[in-house]
Structure formats: structure tokens, C-alpha cells
Amino acid sequence: KTKHATEMGIVKSQLEKQWLGFEATFGYETKYKRETFLKLPKTHHFDAVAICCEDGEWVEPSNTVYFKRHVASGDYQQTKGIRSEKRIPTGKLFGLRKHDLIQTEKGIGFIKGKRSSGYFAIENVLGKTITNSVNVKKNTLRLSARSTTLTQLMEGGDSSCA
């Protein structure tokens with residue numbers, strides 16, 4: 001049950017050996033900075049900001065937040081059906097592949113599902129469906145090709161859904 005604590009101790013000792021200016025920060029210090037100086041809520045990314053700041057240093061939070069999600073590098077499900085009788089097309093369809101970032105009249109999102117009719121489902125980086133049916137044959141612009149890390153700019157800084 002102490003496997004994780006042992007691993008963290010090993011990582012900490014290696015960091016201390018490799019980096020001469022290494023200085024450990026404890027949770028109570030992070031909490032004090034975050035609540036007293038920065039007045040930020042408890043989240044992982046705000047804890048990271050508190051660790052980086054000096055005592056009394058003020059950081060203005062931005063309304064712009066980039067969310068990222070890691071996806072598989074390939075389409076590993078090749079068939080569907082009870083006895084795997086239906087092949088799933090995994091390549092490009094109308095010049096677009098799964099997880100390509102596209103801009104349509106219904107919004108900007110990642111391709112979630114493809115249909116041979118030309119109507120695709122698109123989702124945002126968090127996996128929430130934007131629309132189940134958008135015609136990619138008309139007024140569609142591919143903004144970026146797929147990669148294993150999907151990144152999308154989200155306005156408003158709402159980190160509650162992360």
C-alpha cells in the first residue's frame with residue numbers, strides 16, 4: 001500500500017541530485033499561497049500556479065483556457081456486430097478523418113463519427129457532442145489534422161467541467 005509513496009521518494013531524491021536549485025514545496029505552503037495571496041479555488045492547475053509564485057506575488061487569472069485530451073493513435077476497433085460481420089471504415093472520408101478539427105456552420109469541433117452520406121457527428125475536446133449531424137460537404141473547413149493530443153481553446157475560463 002506504500003508503493004506510490006516509495007516511488008515519489010525515489011523521484012524526489014533523483015530530482016535533488018540532478019537539479020542543484022531544487023526546492024521542495026509542501027501542500028500546506030501551496031494552500032496558504034493559493035488562499036491568502038491569490039484567492040483562487042482549489043484545483044490542480046491553480047495549485048500549480050501557487051507553487052510557481054513567490055510569497056505576495058499576484059497573478060491575474062485569464063479568461064482563456066486551453067483544454068487537452070489524449071486519444072488513441074489509431075482506430076483499433078475494426079469491426080462491429082455480434083460476429084464482427086460489419087467492417088468499420090477507418091480511413092479518410094470526404095478528406096476527413098476521425099478527430100480532425102473542423103469548422104462548420106454548426107460550430108467548431110472534432111469529428112466524432114463519420115457516415116458515408118456526408119453527415120458527421122462533431123464533439124468538443126471534453127467529449128460533449130456539439131451536433132450529431134452536420135453536412136461536411138458544404139461550408140466545412142479543416143482547421144487541423146488529428147493528433148494523439150487534442151487541444152481546444154475554451155472561452156470564459158470555466159474549469160468546472162475539466
# chains A, B, ... in the order shown; residues from 1 in each chain; ligands from 1
$ select_by_dssp --residues "chain A" --states "alpha helix (DSSP H)" --output "number ranges by chain"
A: 3-18, 27-33, 44-52
$ residues_around --residues "Glu105 (chain A)" --least-positions-apart "3" --cutoff "10 Å" --atoms "only C-alpha atoms" --output "PDB file with N, CA and C atoms, in the first residue's frame"
ATOM      1  N   ILE A 108     -17.356  24.716 -34.184  1.00  0.00           N
ATOM      2  CA  ILE A 108     -16.010  24.181 -34.345  1.00  0.00           C
ATOM      3  C   ILE A 108     -15.877  22.993 -33.411  1.00  0.00           C
ATOM      4  N   VAL A 134     -24.019  17.014 -39.109  1.00  0.00           N
ATOM      5  CA  VAL A 134     -23.644  18.211 -39.851  1.00  0.00           C
ATOM      6  C   VAL A 134     -23.099  17.759 -41.205  1.00  0.00           C
ATOM      7  N   ASN A 135     -23.519  18.442 -42.256  1.00  0.00           N
ATOM      8  CA  ASN A 135     -23.102  18.096 -43.607  1.00  0.00           C
ATOM      9  C   ASN A 135     -21.708  18.648 -43.854  1.00  0.00           C
ATOM     10  N   VAL A 136     -20.722  17.765 -44.012  1.00  0.00           N
ATOM     11  CA  VAL A 136     -19.352  18.212 -44.219  1.00  0.00           C
ATOM     12  C   VAL A 136     -19.039  18.480 -45.687  1.00  0.00           C
ATOM     13  N   LYS A 138     -20.629  20.711 -47.384  1.00  0.00           N
ATOM     14  CA  LYS A 138     -20.901  22.134 -47.604  1.00  0.00           C
ATOM     15  C   LYS A 138     -20.275  22.966 -46.487  1.00  0.00           C
ATOM     16  N   ASN A 139     -19.584  24.011 -46.843  1.00  0.00           N
ATOM     17  CA  ASN A 139     -19.060  25.015 -45.909  1.00  0.00           C
ATOM     18  C   ASN A 139     -18.296  24.397 -44.738  1.00  0.00           C
ATOM     19  N   THR A 140     -17.401  23.474 -45.030  1.00  0.00           N
ATOM     20  CA  THR A 140     -16.583  22.848 -43.990  1.00  0.00           C
ATOM     21  C   THR A 140     -15.122  23.167 -44.251  1.00  0.00           C
ATOM     22  N   LEU A 141     -14.431  23.564 -43.188  1.00  0.00           N
ATOM     23  CA  LEU A 141     -13.015  23.882 -43.274  1.00  0.00           C
ATOM     24  C   LEU A 141     -12.270  23.037 -42.244  1.00  0.00           C
TER      25      LEU A 141
END
$ residues_around --residues "Arg146 (chain A)" --least-positions-apart "4" --cutoff "10 Å" --atoms "only C-alpha atoms" --output "PyMOL selection string"
chain A and resi 71+73+96-101+110-111+150
$ closest_residue --among "A:Lys80, A:Asn63, A:Gly118, A:Ser144" --to "Gln103 (chain A)" --atoms "only C-alpha atoms"
A:Ser144
$ atom_distance --atom1 "CA of Thr151 (chain A)" --atom2 "CA of Leu93 (chain A)"
22.3 Å
$ select_by_dssp --residues "region 68-132 of chain A" --states "strand (DSSP E)" --output "list in words"
Lys68, Arg69, His70, Thr79, Lys80, Lys86, Arg87, Leu101, Ile102, Gln103, Thr104, Gly107, Ile108, Gly109, Phe110, Ile111, Lys112, Gly113, Tyr119, Phe120, Ala121, Ile122, Glu123, Thr129, Ile130, Thr131 and Asn132 of chain A
$ closest_residue --among "A:Gly56, A:Lys86, A:Gly21, A:Thr79" --to "Phe37 (chain A)" --atoms "only C-alpha atoms"
A:Gly56
$ residues_around --residues "Lys128 (chain A)" --least-positions-apart "4" --cutoff "12 Å" --atoms "only C-alpha atoms" --output "ChimeraX atom specification"
/A:109-112,121-124,132,161-162
$ atom_distance --atom1 "CA of Gly113 (chain A)" --atom2 "CA of Ile88 (chain A)"
10.9 Å
$ residues_around --residues "Lys39 (chain A)" --least-positions-apart "2" --cutoff "12 Å" --atoms "only C-alpha atoms" --output "PyMOL selection string"
chain A and resi 30-37+41-42+46-47+49-50+56-61
$ closest_residue --among "A:Cys53, A:Met8, A:Trp19, A:Ser133" --to "Thr104 (chain A)" --atoms "only C-alpha atoms"
A:Ser133
$ closest_residue --among "A:Thr148, A:Val125, A:Ile51, A:Lys92" --to "Tyr28 (chain A)" --atoms "only C-alpha atoms"
A:Ile51
$ atom_distance --atom1 "CA of Thr64 (chain A)" --atom2 "CA of Gln152 (chain A)"
10.5 Å
$ closest_residue --among "A:Ile130, A:Gly9, A:Glu54, A:Ile102" --to "Leu143 (chain A)" --atoms "only C-alpha atoms"
A:Ile102
